[in-house]
Amino acid sequence: MANNLKLAEIFQDHMMFQADAPIRIFGSCETNTTITVTVFNKTFDFNFDGTTFLIELPAFDFTLESFDITIQSKEDSIVIQDCIFGDLFIASGQSNMQFTMKESLDEPIEDNPLIRFYEVPKLPYVDAHIEFPYFYSSNPHWFSCTKAEVKNFSAVGYFVATSLFEQLKRPIGIISCNMGDTSVFSWIDKASLFDQESLKPYLDFYQNEIDKYRSVEEYNERYHIQLPRLMEFYGQIDKGIKEGLSSDKAHEMAFKYYPDPYIPMGPKHYNRPSGCFDMMVQKVVPLSIKAALYYQGESDHQNKDLYEVAFKTMIQSWRKSFKNPKLPFVYVQVANYLYPGTINHPIAEVRDAQTRCMNPKDLIYMVSAIDLGEANNIHPKDKKVVSKRISNILLEYLYQKGSYSLSPQFDTYFIKNQLIEIHTKNNDLPLISKSQQNHGFYAFTDDSTLIEINDVKIRDKTINIPYLPSYKVISYGFTSNPVIDIYSKNDLPLLPFKIKL
């Protein structure tokens, strides 16, 4: 058993390494240590002066047979058994990415030793599992795809993996790295977050929360009181849902029992600035991975004006941390949901910010779930369709298999002949109306009245709307829970948009 040589937690038996990319192995050691790595009868030696190490081996091709890797120092030897080379993805975000197979619609699970999974522990701060062993655990391990283990794994992660394997017949691995009820700010590393001046309002908010406590001891005392309440609150929600209540009703019932369940914002809060990056992403960087998958945004409606800059900062943060300036990102535009208690549909602005972040030329792709949600449930149970959309983008843009995997998106508009002529891009297939009535278009007039637009005509990729001089804004799908009626011919929803005329 290693004493002076320690690998990072993710290096365990049954691990998957990214094929055709540098193999990075990291951990801690004594000063002035020589480390020898043996893989496929090839030996590599490295010398390290400090107490941490990062080894980079040359790339290897895909393997369908497993192998062992031996890492040795003068005193210690570690063997990682049953490893495999394949395509490795990180699946991150908040609760809809965390949503497990056992919570989703009943789907058959097929055992497959060539699909591997790993779950990064959901710890809000260092040693949380020691301080609160009945709330937090830390026993991460790699495992092959089996019915018994997959039921507690990300449903999106599972469906993406199985869909890719079906098409590619090569090993696929998913690292699940997600935490429910988190903001994009928690997923950005500190240096990137603090360097972005325009994000200072969020950091000021955090500082104001910290300043509410006169000492660390006072904060910790409050945390110890509130954490059990929060866990009981979540338990009450789970109980309500099992009894058949909607998500909203289950939350409403939970609040009756626990009207103030929240833990104080501060150094132990999972959603603090850089909290998830420090406690989760940091555990796996700088592994080589094929792409990042990300589903988050529901908790950021209050940060709608900062979301675009924050998300772009997060992408650059991860690309730097994973040592890959062209790391592909595939993310999900959040699903339709009523968002009780909000006014003026701030989540629509978050979706719009997500659309502006999409940049296929820079390997940043967006999947929309705008038509896959449930009005009264922020956690829709069907994760198979959104996962298929993610897989299709990966297949087209990373593997050159398939086409038209992006949703049609507003491009330009012209006013001529008393018509507003709207053109779309990203998907060259014709647009169709599911209702055959072209629903979902609205206009704000001079006096800020919102009216539904009738007599909309669609031809190929062009939308024609009758023009009135009183129209100031034209919108489609720009509410929390919109009517989504327009699709590409291959069943991808037209992305929500708002045009100021």
# chains A, B, ... in the order shown; residues from 1 in each chain; ligands from 1
$ closest_atom_pairs --of "segment 81-123 of chain A" --to "segment 296-316 of chain A" --cutoff "8 Å" --atoms "only C-alpha atoms" --output "Markdown table"
| residue | atom | partner | partner_atom | distance |
| --- | --- | --- | --- | --- |
| A:Gly93 | CA | A:Gln296 | CA | 4.7 |
| A:Gln94 | CA | A:Gln296 | CA | 5.2 |
| A:Ser95 | CA | A:Gln296 | CA | 7.8 |
| A:Asn96 | CA | A:Gln296 | CA | 7.5 |
| A:Met97 | CA | A:Gln296 | CA | 7.7 |
$ select_by_dssp --residues "segment 295-423 of chain A" --states "strand (DSSP E or B)" --output "ChimeraX atom specification"
/A:295,329-333,359,364-368,374,377,409-416,419-423
$ atom_distance --atom1 "atom CA of Asp68 of chain A" --atom2 "atom CA of Ala21 of chain A"
17.9 Å
$ closest_residue --among "A:Ser391, A:Asn208, A:Ser137, A:Gln333" --to "Gln167 of chain A" --atoms "only C-alpha atoms"
A:Ser391
$ closest_residue --among "A:Met179, A:Ile289, A:Val473, A:Leu57" --to "Lys323 of chain A" --atoms "only C-alpha atoms"
A:Ile289
$ closest_residue --among "A:Glu9, A:Asp278, A:Glu119, A:Glu197" --to "Ile80 of chain A" --atoms "only C-alpha atoms"
A:Glu9
$ closest_residue --among "A:Leu429, A:Ile474, A:Val330, A:Leu293" --to "Ala443 of chain A" --atoms "only C-alpha atoms"
A:Ile474
$ residues_around --residues "Phe67 of chain A" --least-positions-apart "2" --cutoff "12 Å" --atoms "only C-alpha atoms" --output "number ranges by chain"
A: 13-17, 38-41, 62-65, 69-70, 79-85
